[in-house]
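What follows is the content of model-v3.cif (mmCIF, C-alpha atoms).
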```
data_final
loop_
_atom_site.label_atom_id
_atom_site.label_comp_id
_atom_site.auth_asym_id
_atom_site.auth_seq_id
_atom_site.Cartn_x
_atom_site.Cartn_y
_atom_site.Cartn_z
CA MET A 1 20.62 -228.70 -41.89
CA LYS A 2 19.91 -225.30 -40.39
CA ARG A 3 17.19 -224.77 -37.84
CA ILE A 4 14.07 -223.19 -39.30
CA THR A 5 12.05 -220.41 -37.66
CA VAL A 6 8.27 -220.49 -37.38
CA ALA A 7 5.50 -218.07 -36.41
CA LEU A 8 2.48 -219.68 -34.73
CA ILE A 9 -0.94 -218.24 -35.57
CA GLY A 10 -3.50 -219.72 -33.20
CA ALA A 11 -2.39 -221.09 -29.82
CA GLY A 12 -5.36 -223.36 -29.13
CA GLY A 13 -5.53 -227.14 -28.85
CA ARG A 14 -3.88 -227.96 -32.17
CA GLY A 15 -1.36 -225.13 -32.31
CA ALA A 16 -0.21 -225.17 -28.70
CA VAL A 17 -0.77 -228.83 -27.79
CA ALA A 18 -0.31 -230.85 -30.98
CA TYR A 19 2.40 -229.01 -32.93
CA ALA A 20 4.30 -226.41 -30.87
CA PRO A 21 5.74 -228.96 -28.40
CA TYR A 22 7.77 -230.41 -31.27
CA ALA A 23 10.01 -227.35 -30.94
CA LEU A 24 10.68 -228.23 -27.30
CA ARG A 25 11.57 -231.83 -28.14
CA TYR A 26 13.73 -230.92 -31.14
CA PRO A 27 15.10 -227.39 -30.57
CA ASP A 28 17.90 -228.01 -33.07
CA GLU A 29 15.31 -228.37 -35.88
CA ILE A 30 12.81 -225.59 -35.24
CA GLN A 31 12.45 -222.37 -33.25
CA ILE A 32 9.15 -220.63 -32.64
CA VAL A 33 9.89 -216.90 -32.85
CA ALA A 34 6.42 -215.29 -32.97
CA VAL A 35 2.85 -216.01 -31.88
CA ALA A 36 -0.58 -214.52 -32.51
CA ASP A 37 -3.64 -215.36 -30.42
CA PRO A 38 -6.43 -213.15 -28.96
CA ASP A 39 -6.44 -215.09 -25.66
CA VAL A 40 -3.85 -213.37 -23.48
CA GLN A 41 -3.20 -216.42 -21.30
CA ARG A 42 -2.57 -218.70 -24.26
CA ARG A 43 -0.50 -216.06 -26.03
CA GLU A 44 1.63 -215.43 -22.96
CA GLY A 45 1.99 -219.16 -22.38
CA ILE A 46 3.54 -219.69 -25.79
CA LYS A 47 5.67 -216.54 -25.47
CA ASN A 48 7.12 -217.70 -22.17
CA SER A 49 7.53 -221.36 -23.14
CA PHE A 50 9.54 -220.51 -26.25
CA ASP A 51 11.29 -217.33 -25.08
CA ILE A 52 9.61 -215.23 -27.74
CA GLU A 53 10.48 -211.54 -27.70
CA ALA A 54 7.64 -209.36 -26.40
CA GLN A 55 7.30 -207.42 -29.66
CA ASN A 56 6.67 -210.70 -31.51
CA ALA A 57 3.60 -211.68 -29.44
CA PHE A 58 0.52 -210.41 -31.29
CA THR A 59 -3.20 -210.32 -30.59
CA THR A 60 -4.26 -210.99 -34.19
CA TRP A 61 -2.87 -212.65 -37.29
CA GLU A 62 -3.29 -209.33 -39.09
CA ASP A 63 -0.83 -207.72 -36.68
CA LEU A 64 1.69 -210.53 -37.11
CA LEU A 65 1.54 -210.40 -40.91
CA SER A 66 1.40 -206.61 -41.24
CA GLY A 67 5.10 -205.89 -40.87
CA GLU A 68 8.39 -207.43 -41.87
CA LYS A 69 8.66 -211.17 -42.50
CA LEU A 70 9.49 -212.69 -39.10
CA ALA A 71 10.24 -216.33 -39.88
CA ASP A 72 10.79 -218.95 -42.54
CA ALA A 73 7.30 -220.39 -42.12
CA VAL A 74 3.94 -219.94 -40.42
CA LEU A 75 1.85 -222.58 -38.72
CA ILE A 76 -1.83 -221.54 -39.01
CA CYS A 77 -4.13 -223.15 -36.44
CA THR A 78 -7.04 -220.73 -36.23
CA GLN A 79 -10.72 -221.67 -36.43
CA ASP A 80 -12.00 -223.13 -39.71
CA ASN A 81 -13.46 -219.89 -41.06
CA MET A 82 -10.22 -218.01 -40.28
CA HIS A 83 -7.85 -220.03 -42.49
CA PHE A 84 -8.16 -218.46 -45.92
CA GLU A 85 -7.06 -214.85 -45.42
CA PRO A 86 -3.94 -215.46 -43.28
CA THR A 87 -2.87 -218.29 -45.60
CA ILE A 88 -3.10 -216.17 -48.75
CA LYS A 89 -1.33 -213.26 -47.03
CA ALA A 90 1.45 -215.48 -45.72
CA LEU A 91 2.07 -217.06 -49.12
CA GLU A 92 2.21 -213.65 -50.76
CA MET A 93 4.74 -212.48 -48.15
CA GLY A 94 7.05 -215.40 -48.88
CA TYR A 95 6.29 -217.67 -45.92
CA HIS A 96 6.10 -221.43 -46.20
CA VAL A 97 2.77 -222.55 -44.70
CA LEU A 98 1.57 -225.49 -42.64
CA LEU A 99 -2.21 -225.12 -42.34
CA GLU A 100 -4.47 -226.99 -39.93
CA LYS A 101 -7.35 -228.83 -41.56
CA PRO A 102 -9.82 -228.12 -42.99
CA MET A 103 -8.33 -225.69 -45.49
CA SER A 104 -11.54 -223.64 -45.40
CA ASN A 105 -15.26 -224.10 -44.79
CA ASN A 106 -15.88 -222.67 -48.27
CA PRO A 107 -15.27 -224.88 -51.35
CA GLU A 108 -14.33 -221.92 -53.55
CA GLU A 109 -11.68 -220.82 -51.04
CA CYS A 110 -10.28 -224.37 -50.94
CA PHE A 111 -10.06 -224.37 -54.72
CA ILE A 112 -8.30 -220.98 -54.73
CA MET A 113 -5.76 -222.16 -52.14
CA GLY A 114 -5.04 -225.19 -54.30
CA GLU A 115 -4.36 -222.85 -57.21
CA TYR A 116 -2.18 -220.62 -55.01
CA ALA A 117 -0.13 -223.67 -54.10
CA LYS A 118 0.68 -224.02 -57.82
CA LYS A 119 1.23 -220.28 -58.31
CA TYR A 120 3.77 -219.73 -55.50
CA ASN A 121 7.01 -221.64 -55.15
CA ARG A 122 6.43 -222.36 -51.45
CA ILE A 123 6.00 -225.37 -49.21
CA PHE A 124 2.26 -225.32 -48.55
CA ALA A 125 1.04 -228.37 -46.63
CA ILE A 126 -2.24 -229.26 -44.93
CA CYS A 127 -2.32 -231.05 -41.57
CA HIS A 128 -3.74 -234.31 -42.88
CA VAL A 129 -1.81 -236.08 -40.17
CA LEU A 130 -3.18 -239.55 -40.90
CA ARG A 131 -0.88 -239.68 -43.94
CA TYR A 132 1.99 -239.63 -41.41
CA ASN A 133 0.37 -242.08 -39.00
CA HIS A 134 2.30 -245.38 -38.60
CA PHE A 135 -0.89 -247.40 -39.00
CA PHE A 136 -1.98 -245.89 -42.32
CA MET A 137 1.57 -245.71 -43.68
CA THR A 138 1.81 -249.46 -43.10
CA LEU A 139 -1.48 -250.02 -44.92
CA LYS A 140 -0.21 -247.92 -47.84
CA ASP A 141 2.98 -250.00 -48.04
CA LEU A 142 1.01 -253.26 -47.97
CA LEU A 143 -1.23 -252.12 -50.82
CA GLU A 144 1.70 -250.91 -52.93
CA ASP A 145 3.52 -254.21 -52.32
CA GLY A 146 0.51 -256.10 -53.72
CA GLU A 147 -0.14 -257.91 -50.45
CA ILE A 148 -3.84 -258.42 -51.32
CA GLY A 149 -3.61 -258.14 -55.10
CA ASN A 150 -5.63 -255.40 -56.74
CA LEU A 151 -7.66 -253.36 -54.29
CA MET A 152 -11.39 -253.55 -55.04
CA THR A 153 -13.41 -252.30 -52.07
CA VAL A 154 -12.84 -250.34 -48.86
CA GLN A 155 -15.03 -250.09 -45.78
CA HIS A 156 -14.00 -247.37 -43.34
CA LEU A 157 -15.60 -246.46 -40.02
CA GLU A 158 -14.99 -243.45 -37.80
CA ASN A 159 -16.47 -243.84 -34.35
CA VAL A 160 -16.42 -240.28 -33.07
CA GLY A 161 -17.38 -241.22 -29.51
CA TYR A 162 -20.51 -240.03 -27.70
CA TRP A 163 -18.45 -237.78 -25.39
CA HIS A 164 -16.39 -236.27 -28.22
CA GLN A 165 -19.53 -235.52 -30.22
CA ALA A 166 -21.16 -233.81 -27.25
CA HIS A 167 -18.07 -231.77 -26.41
CA SER A 168 -16.99 -230.65 -29.89
CA PHE A 169 -20.03 -230.90 -32.14
CA VAL A 170 -23.01 -230.26 -29.87
CA ARG A 171 -21.75 -227.85 -27.21
CA GLY A 172 -18.44 -226.80 -28.72
CA ASN A 173 -16.79 -224.75 -31.45
CA TRP A 174 -17.82 -227.00 -34.34
CA ARG A 175 -21.52 -227.39 -33.57
CA LYS A 176 -22.82 -225.12 -36.37
CA ALA A 177 -21.89 -225.71 -40.00
CA ALA A 178 -22.12 -222.02 -40.99
CA GLU A 179 -19.77 -220.94 -38.18
CA SER A 180 -17.23 -223.75 -38.63
CA SER A 181 -17.77 -226.50 -41.21
CA PRO A 182 -20.12 -229.36 -42.04
CA MET A 183 -19.35 -232.40 -39.89
CA ILE A 184 -18.15 -234.43 -42.87
CA LEU A 185 -15.53 -231.77 -43.55
CA GLN A 186 -14.49 -230.68 -40.07
CA LYS A 187 -14.23 -234.11 -38.44
CA SER A 188 -13.94 -236.45 -41.38
CA CYS A 189 -11.84 -234.70 -44.04
CA HIS A 190 -9.02 -236.79 -42.49
CA ASP A 191 -10.90 -239.93 -43.45
CA LEU A 192 -11.85 -238.93 -46.97
CA ASP A 193 -8.26 -237.84 -47.50
CA ILE A 194 -6.84 -241.15 -46.27
CA LEU A 195 -9.22 -243.02 -48.60
CA LEU A 196 -7.99 -240.88 -51.50
CA TRP A 197 -4.37 -241.60 -50.54
CA LEU A 198 -4.79 -245.35 -50.03
CA ILE A 199 -6.80 -245.85 -53.23
CA GLY A 200 -4.46 -243.63 -55.23
CA GLU A 201 -6.88 -242.41 -57.90
CA GLU A 202 -9.25 -239.50 -58.34
CA CYS A 203 -12.75 -239.78 -56.94
CA MET A 204 -15.38 -239.74 -59.69
CA ARG A 205 -18.77 -240.04 -57.95
CA VAL A 206 -20.11 -239.34 -54.45
CA SER A 207 -23.40 -239.98 -52.68
CA SER A 208 -24.23 -239.42 -49.03
CA PHE A 209 -26.97 -239.75 -46.42
CA GLY A 210 -27.16 -238.60 -42.81
CA SER A 211 -28.84 -236.27 -40.36
CA LEU A 212 -28.94 -234.71 -36.92
CA SER A 213 -31.27 -237.18 -35.24
CA HIS A 214 -30.58 -237.35 -31.51
CA PHE A 215 -29.18 -234.10 -30.16
CA THR A 216 -32.36 -232.07 -30.64
CA LYS A 217 -34.87 -230.32 -28.41
CA GLU A 218 -37.48 -232.95 -29.29
CA ASN A 219 -35.38 -235.60 -27.52
CA ALA A 220 -34.88 -233.62 -24.29
CA PRO A 221 -36.00 -235.58 -21.19
CA ALA A 222 -39.01 -234.19 -19.38
CA GLY A 223 -37.97 -231.35 -17.09
CA ALA A 224 -34.43 -231.08 -18.43
CA PRO A 225 -33.19 -227.50 -17.82
CA LEU A 226 -31.13 -225.47 -20.27
CA ARG A 227 -28.01 -226.14 -18.19
CA CYS A 228 -26.91 -229.33 -16.49
CA THR A 229 -26.01 -227.34 -13.38
CA ASP A 230 -29.57 -226.04 -12.96
CA GLY A 231 -30.90 -229.15 -11.20
CA CYS A 232 -31.39 -231.72 -13.96
CA PRO A 233 -33.86 -234.44 -12.85
CA VAL A 234 -32.23 -237.12 -15.01
CA ARG A 235 -28.59 -236.36 -14.28
CA ASP A 236 -27.91 -239.86 -12.92
CA GLU A 237 -29.20 -241.51 -16.09
CA CYS A 238 -27.89 -239.06 -18.69
CA ALA A 239 -24.65 -240.00 -20.43
CA PHE A 240 -24.08 -236.34 -21.31
CA TYR A 241 -24.40 -234.76 -17.84
CA ALA A 242 -21.72 -232.06 -18.05
CA PRO A 243 -20.20 -232.11 -14.51
CA ARG A 244 -19.53 -235.85 -14.88
CA PHE A 245 -17.96 -235.17 -18.28
CA TYR A 246 -15.38 -232.71 -17.03
CA LEU A 247 -14.80 -233.73 -13.43
CA ILE A 248 -14.04 -237.40 -14.01
CA ASP A 249 -10.79 -238.32 -12.32
CA LYS A 250 -8.84 -239.69 -15.25
CA GLU A 251 -5.56 -238.80 -16.87
CA ASP A 252 -6.62 -239.91 -20.36
CA TRP A 253 -7.67 -237.67 -23.24
CA GLN A 254 -11.29 -237.51 -22.12
CA GLY A 255 -10.52 -236.89 -18.47
CA LYS A 256 -7.69 -234.38 -18.84
CA TYR A 257 -7.47 -232.91 -22.34
CA LEU A 258 -11.13 -231.86 -22.56
CA ARG A 259 -10.79 -229.76 -19.41
CA ALA A 260 -8.14 -227.62 -21.08
CA TYR A 261 -10.65 -226.75 -23.79
CA LEU A 262 -13.27 -225.91 -21.20
CA THR A 263 -11.29 -223.29 -19.29
CA ASN A 264 -7.77 -222.11 -18.54
CA ASP A 265 -8.56 -222.62 -14.83
CA THR A 266 -8.88 -226.41 -14.49
CA SER A 267 -9.42 -226.43 -10.73
CA TYR A 268 -12.77 -227.74 -9.44
CA GLU A 269 -13.99 -224.19 -8.90
CA GLY A 270 -12.79 -223.07 -12.33
CA ILE A 271 -14.53 -225.95 -14.09
CA MET A 272 -17.80 -225.42 -12.21
CA THR A 273 -17.75 -221.71 -13.05
CA ALA A 274 -17.21 -222.53 -16.73
CA LEU A 275 -20.08 -225.04 -16.69
CA LYS A 276 -22.43 -222.51 -15.09
CA GLU A 277 -21.48 -219.66 -17.42
CA GLY A 278 -19.99 -221.11 -20.61
CA PRO A 279 -21.21 -223.22 -23.53
CA TYR A 280 -19.98 -226.57 -22.21
CA GLY A 281 -22.47 -226.65 -19.34
CA ARG A 282 -25.49 -226.60 -21.62
CA CYS A 283 -27.88 -229.53 -21.93
CA VAL A 284 -27.03 -231.36 -25.16
CA TYR A 285 -30.71 -231.32 -26.06
CA HIS A 286 -30.99 -227.54 -25.67
CA CYS A 287 -28.03 -226.35 -27.74
CA ASP A 288 -27.99 -224.46 -31.05
CA ASN A 289 -26.14 -227.23 -32.92
CA ASP A 290 -27.02 -228.21 -36.48
CA VAL A 291 -24.27 -230.57 -37.72
CA VAL A 292 -25.14 -234.23 -38.26
CA ASP A 293 -24.62 -236.91 -35.63
CA HIS A 294 -24.33 -239.74 -38.16
CA GLN A 295 -23.54 -239.89 -41.87
CA VAL A 296 -22.57 -242.38 -44.57
CA VAL A 297 -20.68 -241.62 -47.79
CA ASN A 298 -20.31 -243.85 -50.86
CA LEU A 299 -17.48 -243.16 -53.30
CA GLU A 300 -16.38 -244.49 -56.68
CA PHE A 301 -12.84 -243.88 -57.94
CA ALA A 302 -11.30 -243.71 -61.41
CA ASN A 303 -9.80 -247.22 -61.04
CA ASN A 304 -13.29 -248.63 -60.23
CA VAL A 305 -12.48 -249.09 -56.56
CA THR A 306 -15.55 -248.42 -54.41
CA ALA A 307 -15.47 -247.22 -50.82
CA SER A 308 -18.02 -246.71 -48.08
CA PHE A 309 -17.37 -244.42 -45.14
CA THR A 310 -19.47 -244.18 -41.98
CA MET A 311 -19.16 -241.48 -39.32
CA THR A 312 -21.19 -241.94 -36.15
CA ALA A 313 -21.42 -240.23 -32.78
CA PHE A 314 -22.94 -243.28 -31.15
CA SER A 315 -19.93 -245.19 -29.92
CA ASN A 316 -18.13 -245.54 -26.61
CA ASP A 317 -14.64 -245.26 -28.04
CA SER A 318 -13.21 -242.70 -30.41
CA GLU A 319 -11.64 -244.97 -33.02
CA ARG A 320 -11.07 -245.73 -36.70
CA ILE A 321 -11.60 -249.20 -38.17
CA ILE A 322 -10.93 -250.14 -41.80
CA ARG A 323 -11.27 -253.16 -44.09
CA LEU A 324 -9.45 -253.31 -47.44
CA GLN A 325 -10.53 -256.08 -49.81
CA GLY A 326 -8.50 -257.14 -52.84
CA THR A 327 -8.32 -259.86 -55.46
CA LYS A 328 -5.89 -262.02 -53.45
CA GLY A 329 -6.81 -261.26 -49.86
CA GLU A 330 -8.11 -258.75 -47.38
CA ILE A 331 -6.82 -256.52 -44.61
CA LYS A 332 -8.61 -255.62 -41.39
CA GLY A 333 -7.17 -252.75 -39.38
CA HIS A 334 -7.87 -251.04 -36.07
CA MET A 335 -5.97 -247.77 -35.74
CA GLU A 336 -6.28 -247.26 -31.98
CA ASP A 337 -5.30 -250.87 -31.24
CA ASN A 338 -2.42 -250.58 -33.73
CA THR A 339 -3.37 -253.95 -35.20
CA ILE A 340 -3.49 -255.08 -38.83
CA GLU A 341 -4.68 -258.56 -39.86
CA ILE A 342 -3.94 -259.85 -43.37
CA THR A 343 -5.77 -262.88 -44.79
CA ASP A 344 -4.54 -264.72 -47.90
CA PHE A 345 -7.35 -266.24 -49.96
CA VAL A 346 -5.36 -269.21 -51.37
CA SER A 347 -3.75 -270.51 -48.18
CA GLY A 348 -6.25 -269.12 -45.72
CA ARG A 349 -3.34 -267.99 -43.59
CA LYS A 350 -3.75 -264.95 -41.37
CA LYS A 351 -0.87 -262.68 -40.44
CA LEU A 352 -1.19 -260.25 -37.54
CA ILE A 353 0.89 -257.09 -37.45
CA LYS A 354 1.09 -255.33 -34.09
CA LEU A 355 2.50 -251.85 -34.47
CA ARG A 356 4.35 -249.99 -31.74
CA ALA A 357 2.12 -247.45 -30.01
CA SER A 358 3.12 -243.81 -30.37
CA ASP A 359 3.23 -241.35 -27.49
CA THR A 360 2.35 -238.44 -29.80
CA GLY A 361 -1.04 -237.50 -31.24
CA HIS A 362 -2.85 -239.33 -34.06
CA GLY A 363 -0.61 -242.37 -33.76
CA GLY A 364 2.55 -240.41 -34.51
CA GLY A 365 0.90 -238.35 -37.25
CA ASP A 366 1.18 -235.01 -35.44
CA GLU A 367 4.92 -235.41 -35.01
CA GLY A 368 5.35 -236.98 -38.44
CA ILE A 369 3.87 -234.06 -40.33
CA MET A 370 6.00 -231.57 -38.37
CA LYS A 371 9.14 -233.53 -39.15
CA ASP A 372 8.25 -233.71 -42.85
CA PHE A 373 7.36 -230.01 -43.09
CA ILE A 374 10.57 -228.92 -41.38
CA LYS A 375 12.67 -231.12 -43.68
CA LEU A 376 10.99 -229.70 -46.77
CA VAL A 377 11.51 -226.09 -45.62
CA GLN A 378 15.16 -226.87 -44.88
CA GLN A 379 15.59 -228.24 -48.40
CA GLY A 380 14.02 -225.15 -49.93
CA SER A 381 11.17 -224.21 -52.23
CA GLY A 382 9.75 -226.42 -54.91
CA GLN A 383 9.43 -229.52 -52.73
CA ASP A 384 6.19 -231.52 -52.64
CA SER A 385 4.66 -232.49 -49.33
CA ARG A 386 2.78 -235.77 -48.96
CA SER A 387 -0.13 -233.60 -47.81
CA SER A 388 0.41 -230.65 -50.15
CA ALA A 389 -2.46 -228.24 -50.70
CA VAL A 390 -2.64 -229.30 -54.36
CA VAL A 391 -3.42 -232.86 -53.26
CA SER A 392 -5.45 -231.97 -50.19
CA VAL A 393 -7.92 -229.81 -52.08
CA GLN A 394 -9.18 -232.97 -53.81
CA SER A 395 -10.29 -234.65 -50.59
CA HIS A 396 -11.78 -231.39 -49.31
CA LEU A 397 -13.92 -231.14 -52.42
CA MET A 398 -15.00 -234.75 -51.87
CA ALA A 399 -16.30 -233.67 -48.46
CA PHE A 400 -18.17 -230.68 -49.89
CA ALA A 401 -19.62 -232.91 -52.59
CA ALA A 402 -20.77 -235.39 -49.94
CA GLU A 403 -22.54 -232.62 -48.04
CA THR A 404 -24.17 -231.39 -51.25
CA SER A 405 -25.32 -234.94 -51.96
CA ARG A 406 -26.74 -235.33 -48.45
CA LEU A 407 -28.67 -232.08 -48.62
CA GLU A 408 -29.85 -232.34 -52.21
CA LYS A 409 -30.35 -236.13 -52.22
CA ARG A 410 -28.46 -236.74 -55.47
CA VAL A 411 -25.27 -238.31 -56.77
CA ILE A 412 -22.47 -235.79 -57.36
CA GLN A 413 -20.28 -236.23 -60.45
CA MET A 414 -16.90 -234.99 -59.22
CA PRO A 415 -15.42 -233.81 -62.57
CA GLU A 416 -18.50 -231.64 -63.16
CA TYR A 417 -18.44 -230.39 -59.57
CA ILE A 418 -14.78 -229.37 -59.80
CA GLU A 419 -15.26 -227.71 -63.17
CA SER A 420 -18.15 -225.65 -61.79
CA LEU A 421 -15.84 -224.32 -59.08
CA ARG A 422 -13.12 -223.58 -61.61
CA GLN A 423 -15.50 -221.35 -63.56
CA LYS A 424 -16.43 -219.37 -60.43
CA VAL A 425 -12.97 -218.37 -59.26
CA THR A 426 -10.11 -216.26 -60.56
CA VAL A 427 -6.58 -216.57 -59.21
#
```
What would you get if you wrote out this structure as structure tokens?
Amino acid sequence: MKRITVALIGAGGRGAVAYAPYALRYPDEIQIVAVADPDVQRREGIKNSFDIEAQNAFTTWEDLLSGEKLADAVLICTQDNMHFEPTIKALEMGYHVLLEKPMSNNPEECFIMGEYAKKYNRIFAICHVLRYNHFFMTLKDLLEDGEIGNLMTVQHLENVGYWHQAHSFVRGNWRKAAESSPMILQKSCHDLDILLWLIGEECMRVSSFGSLSHFTKENAPAGAPLRCTDGCPVRDECAFYAPRFYLIDKEDWQGKYLRAYLTNDTSYEGIMTALKEGPYGRCVYHCDNDVVDHQVVNLEFANNVTASFTMTAFSNDSERIIRLQGTKGEIKGHMEDNTIEITDFVSGRKKLIKLRASDTGHGGGDEGIMKDFIKLVQQGSGQDSRSSAVVSVQSHLMAFAAETSRLEKRVIQMPEYIESLRQKVTV
């Protein structure tokens, strides 16, 4: 099939690191022909890496979408509150769209985008990459094959990691719900979406509890300054001391990848300057964050399956662990270890599946969704993505309902919640 062309809107961590490199690995499938990003270094980096013509490197998405249609599709990887407008504009112009999650930090905008996905004959997919992850695809196959009989209950845990929480949700871009999204949406819409996909029925009821308990001014150690670099008296005992965070000599995600978010200059001097002047050098107890650091969500689905989901910052590893319990057996899975254990109730036998580790992000999910999107665009309009906006809006609304439940301390009836949104919007 012919190679498709793509315009990249947003050259940050997801756009430039997770998705764009696919075009370097498979240049016969996809060509990036335009980019928009306000950061000149990131914009120029993408332009040079993909030989983009100078006139197709834009400062804003508005500039990129203001003229003639430049490509077959757009990949939108801007901040959460900058998804809606470029998506609607791109669909109206005739682009196919791959949109980074979450769809929007506004439930009404999510609902409208779901309706737009029905209105326009375009490929419109959301980057729910766990649906393309080898681990969760295997779980889906096991459930559909009846490996544990009828599914009855699911327990799912997302350990965010103490360091990831501090970087992204205390000091970083997603620390304030009004500026980005509630934690349950921004970090965990992946998880609610994968529960929806595995269970395979609509969610009917949601309840949730959680709070911001630790990363507050009240928990600051005595004498802790506003910045870690200003002579913190407890730096040797504090797990969140910023220079240790970003100067650790490791080549893993924590040791290397986080530095790229901190500053474009990842030398020792560049990192120290960023810590002294930028947001990532602040004491975690003296930030302006307001998203939760732990939360639980209970869900009931139309087929009577119940699920519990826990998100917590207080873990060493960043990992997902799941247990699926059915009428004939149960499955225990650890995504990061790529292990799945199946127990049969009658025989008592246990079967261990060890999956091959992937060298691409989210256990192969980042590459998987790119491959699927490209194939669908090549085939033409009218194709349904596994993570289409029509489907994805359901799990987004589950997240918004969970946040409403947490704040208002009540059970949310999903049909009523969705109907209330329907009455507010016009497409």
Distance atom CA of Phe400 of chain A-atom CA of Cys110 of chain A, one decimal place? 10.2 Å
Determine the residue set returned by the PyMOL selection byres ((chain A and resi 150) around 6) for the present structure, and present it as a ChimeraX atom specification. /A:149,151,326-327
When you draw a straight line from atom CA of Asp141 of chain A to atom CA of Thr339 of chain A, how long is it in Å?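 Here the two named atoms are 14.9 Å from each other.
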Quick one: residues within 12 Å of Lys424 of chain A, all atoms listed in the file counted, chain neighbours fewer than 6 positions away excluded, as a ChimeraX atom specification? /A:107-109,111-112,417-418
Applying 10 Å and all atoms listed in the file, which residues near Ala16 of chain A remain after dropping the ones on its own chain fewer than 5 positions away? List them as a PyMOL selection string. chain A and resi 8-11+21-22+42-43+45-46+77
Using all atoms listed in the file, which of the listed residues (A:Val33, A:Leu397, A:Met414, A:Ile321) sits closest to Leu192 of chain A?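 When distances to Leu192 of chain A are compared using all atoms listed in the file, the smallest one comes from A:Leu397.
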Using only C-alpha atoms, find the one residue out of A:Ser388, A:Asn303, A:Thr426, A:Ser168 that sits nearest to Lys187 of chain A. A:Ser168
Can you work out the spacing between atom CA of Leu98 of chain A and atom CA of Pro38 of chain A in Å, to one decimal?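 Between atom CA of Leu98 of chain A and atom CA of Pro38 of chain A the gap works out to 20.1 Å.
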